[in-house]
>>> print(open('structure-v4.cif').read())   # mmCIF, C-alpha atoms
data_target
#
loop_
_atom_site.label_atom_id
_atom_site.label_comp_id
_atom_site.auth_asym_id
_atom_site.auth_seq_id
_atom_site.Cartn_x
_atom_site.Cartn_y
_atom_site.Cartn_z
CA GLU A 1 207.94 151.19 63.59
CA THR A 2 204.66 152.93 62.71
CA LYS A 3 202.33 151.40 60.15
CA ILE A 4 200.09 153.64 58.09
CA THR A 5 196.52 152.64 58.94
CA HIS A 6 193.17 154.19 58.12
CA THR A 7 192.89 155.23 61.76
CA ILE A 8 196.20 157.11 61.63
CA ILE A 9 195.24 158.74 58.33
CA LYS A 10 191.90 159.92 59.72
CA SER A 11 193.55 161.18 62.91
CA ALA A 12 196.23 163.10 61.00
CA THR A 13 193.79 164.75 58.59
CA GLY A 14 190.70 165.13 60.76
CA GLU A 15 188.65 163.55 57.99
CA PHE A 16 186.38 160.56 58.51
CA ASP A 17 185.79 159.90 54.82
CA LEU A 18 189.06 158.86 53.18
CA GLU A 19 187.81 159.96 49.77
CA ASN A 20 187.68 163.56 50.96
CA ILE A 21 191.36 163.71 51.90
CA THR A 22 193.53 165.79 49.58
CA LYS A 23 196.59 166.33 51.82
CA LEU A 24 198.36 163.92 54.14
CA SER A 25 201.36 164.74 56.37
CA LEU A 26 203.00 162.04 58.49
CA VAL A 27 206.38 163.49 59.52
CA LYS A 28 209.00 161.77 61.70
CA MET A 29 206.82 158.81 62.64
CA ASN A 30 209.31 155.98 61.97
CA ILE A 31 207.32 154.82 58.96
CA HIS A 32 209.08 152.15 56.89
CA ARG A 33 206.49 151.49 54.22
CA ILE A 34 203.88 153.44 52.28
CA GLU A 35 200.63 151.50 52.51
CA ASN A 36 196.83 151.67 52.87
CA LEU A 37 196.44 154.76 50.70
CA ASP A 38 194.35 153.21 47.92
CA SER A 39 191.10 154.52 49.42
CA CYS A 40 192.44 158.09 49.38
CA VAL A 41 191.57 158.44 45.72
CA ASN A 42 191.61 162.26 45.78
CA LEU A 43 194.93 162.61 47.59
CA GLN A 44 196.97 165.38 45.94
CA GLU A 45 199.80 166.09 48.40
CA ILE A 46 201.88 163.76 50.59
CA ASN A 47 204.56 164.73 53.10
CA PHE A 48 206.42 161.81 54.69
CA THR A 49 209.57 163.72 55.69
CA GLY A 50 211.94 162.20 58.24
CA ASN A 51 210.89 158.56 58.10
CA CYS A 52 212.65 155.32 57.08
CA ILE A 53 211.04 154.65 53.71
CA GLU A 54 213.29 152.74 51.27
CA GLU A 55 210.91 152.16 48.33
CA ILE A 56 208.18 154.34 46.87
CA LEU A 57 205.53 151.65 46.70
CA GLY A 58 201.89 152.04 47.58
CA VAL A 59 201.23 155.16 45.52
CA GLU A 60 200.46 153.46 42.21
CA LYS A 61 196.69 154.09 42.47
CA LEU A 62 196.98 157.73 43.51
CA VAL A 63 196.25 159.09 40.04
CA ASN A 64 195.53 162.59 41.41
CA LEU A 65 198.80 162.91 43.32
CA ARG A 66 200.56 166.17 42.43
CA LYS A 67 203.12 166.74 45.18
CA LEU A 68 205.29 164.17 46.98
CA VAL A 69 207.74 165.09 49.74
CA LEU A 70 210.03 162.29 50.96
CA THR A 71 212.91 164.35 52.30
CA SER A 72 215.23 162.59 54.78
CA ASN A 73 214.26 159.00 54.21
CA LYS A 74 216.24 156.01 52.87
CA VAL A 75 214.93 155.92 49.31
CA LYS A 76 217.26 154.16 46.85
CA THR A 77 214.97 153.65 43.85
CA LEU A 78 212.24 155.73 42.21
CA LYS A 79 210.29 152.78 40.86
CA GLY A 80 206.63 153.23 41.65
CA LEU A 81 206.31 156.87 40.67
CA GLN A 82 205.82 156.16 36.98
CA LYS A 83 202.12 155.41 37.54
CA CYS A 84 201.40 158.86 38.98
CA PRO A 85 200.97 160.86 35.75
CA ARG A 86 199.83 164.06 37.45
CA LEU A 87 202.89 164.45 39.64
CA GLU A 88 204.23 167.99 39.38
CA HIS A 89 206.50 168.36 42.41
CA ILE A 90 208.88 165.82 44.00
CA GLN A 91 211.25 166.44 46.92
CA LEU A 92 213.84 163.73 47.64
CA GLN A 93 216.66 165.55 49.42
CA ASP A 94 218.73 163.54 51.90
CA ASN A 95 218.06 160.07 50.51
CA LEU A 96 220.22 157.31 49.03
CA ILE A 97 219.69 157.76 45.29
CA SER A 98 223.01 157.11 43.55
CA ASN A 99 222.17 156.07 39.98
CA MET A 100 221.35 158.55 37.23
CA SER A 101 219.08 155.96 35.59
CA GLU A 102 216.74 156.26 38.56
CA VAL A 103 216.35 159.97 37.87
CA SER A 104 215.91 159.50 34.13
CA SER A 105 213.02 157.09 34.83
CA LEU A 106 210.97 160.16 35.77
CA ALA A 107 210.92 161.23 32.11
CA VAL A 108 207.57 159.42 31.75
CA LEU A 109 205.90 161.96 34.06
CA PRO A 110 204.64 164.61 31.60
CA ASN A 111 203.61 167.14 34.25
CA LEU A 112 206.71 167.02 36.44
CA LYS A 113 207.96 170.59 36.87
CA VAL A 114 209.86 170.63 40.17
CA LEU A 115 212.47 168.14 41.39
CA TYR A 116 214.71 168.35 44.45
CA LEU A 117 217.59 165.91 44.97
CA LYS A 118 219.50 168.41 47.12
CA ASN A 119 218.90 171.85 48.59
CA ILE A 120 219.75 174.97 46.63
CA ASP A 121 222.85 175.46 48.83
CA GLY A 122 224.04 171.91 48.02
CA SER A 123 223.16 170.46 51.43
CA MET A 124 221.14 167.28 51.99
CA ARG A 125 222.37 165.89 48.67
CA ASN A 126 221.90 162.44 47.22
CA ALA A 127 224.97 160.63 45.93
CA VAL A 128 223.72 161.06 42.36
CA CYS A 129 224.25 164.82 42.71
CA ASP A 130 228.02 164.19 42.47
CA HIS A 131 227.73 162.75 38.96
CA PRO A 132 230.01 164.82 36.67
CA SER A 133 227.13 165.54 34.27
CA TYR A 134 224.39 165.66 36.91
CA ARG A 135 222.69 168.90 35.92
CA SER A 136 223.15 168.77 32.15
CA SER A 137 222.04 165.11 31.99
CA ILE A 138 218.83 165.87 33.88
CA VAL A 139 218.11 168.86 31.64
CA ARG A 140 218.50 166.67 28.55
CA GLN A 141 216.44 163.75 29.86
CA LEU A 142 213.73 165.51 31.88
CA THR A 143 212.77 168.16 29.36
CA GLN A 144 209.53 168.92 31.19
CA LEU A 145 211.34 170.23 34.30
CA THR A 146 211.39 173.95 35.06
CA ILE A 147 213.03 173.89 38.51
CA LEU A 148 215.84 171.60 39.69
CA ASP A 149 217.07 171.80 43.30
CA GLY A 150 215.48 175.22 43.74
CA GLU A 151 217.01 176.78 40.62
CA ARG A 152 215.10 177.63 37.48
CA LEU A 153 216.48 175.68 34.56
CA LYS A 154 218.07 177.44 31.60
CA HIS A 155 217.89 176.60 27.94
CA MET A 156 220.17 173.85 26.72
CA ASP A 157 222.44 176.22 24.81
CA THR A 158 223.22 178.03 28.07
CA VAL A 159 223.86 174.75 29.87
CA TYR A 160 226.21 173.74 27.05
CA GLN A 161 228.19 176.95 27.46
CA GLU A 162 228.42 176.41 31.23
CA ASP A 163 229.66 172.85 30.73
CA LEU A 164 232.23 174.08 28.22
CA LEU A 165 233.54 176.62 30.72
CA SER A 166 233.68 173.95 33.43
CA LEU A 167 236.15 172.01 31.28
CA GLY A 168 238.56 174.91 31.36
CA ALA A 169 239.18 177.51 28.73
CA ALA A 170 240.22 176.06 25.40
CA PRO A 171 243.53 177.37 24.12
CA ARG A 172 243.12 180.57 22.16
CA VAL A 173 244.27 179.93 18.65
CA GLU A 174 244.73 182.63 16.07
CA ILE A 175 245.06 181.40 12.51
CA PRO A 176 247.52 183.61 10.63
CA PRO A 177 246.24 185.31 7.47
CA SER A 178 247.12 183.63 4.22
CA GLU A 179 250.09 185.00 2.43
CA ASN A 180 251.88 184.40 -0.84
CA TRP A 181 254.62 181.92 0.08
CA LEU A 182 256.91 183.42 -2.55
CA ALA A 183 256.23 187.04 -1.67
CA GLY A 184 259.31 189.17 -2.39
CA PHE A 185 260.95 186.40 -4.37
CA SER A 186 262.14 187.07 -7.88
CA TRP A 187 263.51 184.53 -10.34
CA ASP A 188 265.61 187.33 -11.75
CA ALA A 189 267.61 187.89 -8.57
CA GLY A 190 270.68 185.90 -9.51
CA ARG A 191 270.69 182.28 -8.40
CA PRO A 192 268.10 182.04 -5.59
CA ASP A 193 268.06 179.32 -2.94
CA PRO A 194 264.51 177.81 -3.05
CA ASP A 195 264.84 176.33 0.44
CA ALA A 196 265.79 179.69 1.92
CA ALA A 197 262.84 181.34 0.21
CA LEU A 198 260.38 178.77 1.53
CA ARG A 199 261.79 178.44 5.07
CA PRO A 200 259.77 181.32 6.69
CA SER A 201 256.52 180.09 5.15
CA LEU A 202 257.19 176.51 6.28
CA ALA A 203 257.75 177.78 9.82
CA ARG A 204 254.41 179.58 9.79
CA PHE A 205 252.72 176.46 8.42
CA GLU A 206 254.17 174.31 11.23
CA THR A 207 252.92 176.81 13.84
CA ALA A 208 249.43 176.72 12.33
CA MET A 209 249.45 172.90 12.43
CA GLN A 210 250.40 172.90 16.13
CA ASP A 211 247.54 175.29 16.89
CA ALA A 212 245.14 173.06 14.94
CA ARG A 213 246.21 170.05 17.03
CA LYS A 214 245.37 172.00 20.21
CA VAL A 215 241.91 172.82 18.90
CA ASN A 216 241.35 169.17 17.97
CA GLN A 217 242.38 168.00 21.47
CA ALA A 218 240.01 170.50 23.10
CA ALA A 219 237.15 169.25 20.91
CA LEU A 220 237.86 165.61 21.80
CA THR A 221 237.86 166.51 25.52
CA LEU A 222 234.48 168.20 25.19
CA LEU A 223 232.97 165.30 23.25
CA SER A 224 234.14 162.77 25.84
CA HIS A 225 232.30 164.77 28.47
CA TYR A 226 228.95 164.05 26.75
CA LYS A 227 229.42 160.34 26.16
#
>>> encode(input="structure-v4.cif", output="structure tokens")
Amino acid sequence: ETKITHTIIKSATGEFDLENITKLSLVKMNIHRIENLDSCVNLQEINFTGNCIEEILGVEKLVNLRKLVLTSNKVKTLKGLQKCPRLEHIQLQDNLISNMSEVSSLAVLPNLKVLYLKNIDGSMRNAVCDHPSYRSSIVRQLTQLTILDGERLKHMDTVYQEDLLSLGAAPRVEIPPSENWLAGFSWDAGRPDPDAALRPSLARFETAMQDARKVNQAALTLLSHYK
């Protein structure tokens, strides 16, 4: 296990003065914990890819941090990022994030524009990516995002249409035009049978009611998807 020390930081960056460091990359070094970064007050970019980090602690005082790359670690929770208000770009592919509430906690980051929880081809995904409303939920909750998993986000009305299509096409229902139920009927035509005169119209009414039930069921299915 490698511990992050000032000596390692200086060696990796070539800087003697920690306050001058703006970028830090410690890749595949068997690091288990983020620590000893408080003196790097001007740090803007961190790349700790391929380590064993489980919690994002130790970055709370990095108020200038803009980009954080923690791909291929063991991160389960995103607590700790909420105190980095300037964060714009976060990469978390190939971690252990499984709860959508962890992702929604990033809503407090006003400048967050780019978030990766999987690659654009679907590889290196977190378990949360399999949530049935993964994409649409993130769009609703992280309104500041412009790119998710390498794809530019669309407006909510487009996302709604895509979700509707994913549910399967709703039955096509054509409502018949209104007609006079007694069309062609004359009280002067002998002794008419009222039931016979109304039977065709009643049949059309029953068909319209069945179609209406199908529309209602499709609407209920769609609403349950957004609960």
>>> residues_around(input="structure-v4.cif", residues="segment 6-21 of chain A", least_positions_apart="5", cutoff="7 Å", atoms="all atoms listed in the file", output="PyMOL selection string")
chain A and resi 36+39-43
>>> resolve_selection(input="structure-v4.cif", expression="the PyMOL selection byres ((chain A and resi 94) around 9)", output="list in words")
Leu70, Thr71, Ser72, Asn73, Lys74, Val75, Leu92, Gln93, Asn95, Leu96, Ile97, Leu117, Lys118, Asn119, Ser123, Met124, Arg125 and Asn126 of chain A
>>> residues_around(input="structure-v4.cif", residues="segment 130-144 of chain A", least_positions_apart="5", cutoff="7 Å", atoms="all atoms listed in the file", output="PyMOL selection string")
chain A and resi 104+107+110-113+159
>>> closest_residue(input="structure-v4.cif", among="A:Lys61, A:Lys3, A:Lys67, A:Lys23", to="Tyr116 of chain A", atoms="only C-alpha atoms")
A:Lys67
>>> atom_distance(input="structure-v4.cif", atom1="atom CA of His32 of chain A", atom2="atom CA of Cys52 of chain A")
4.8 Å
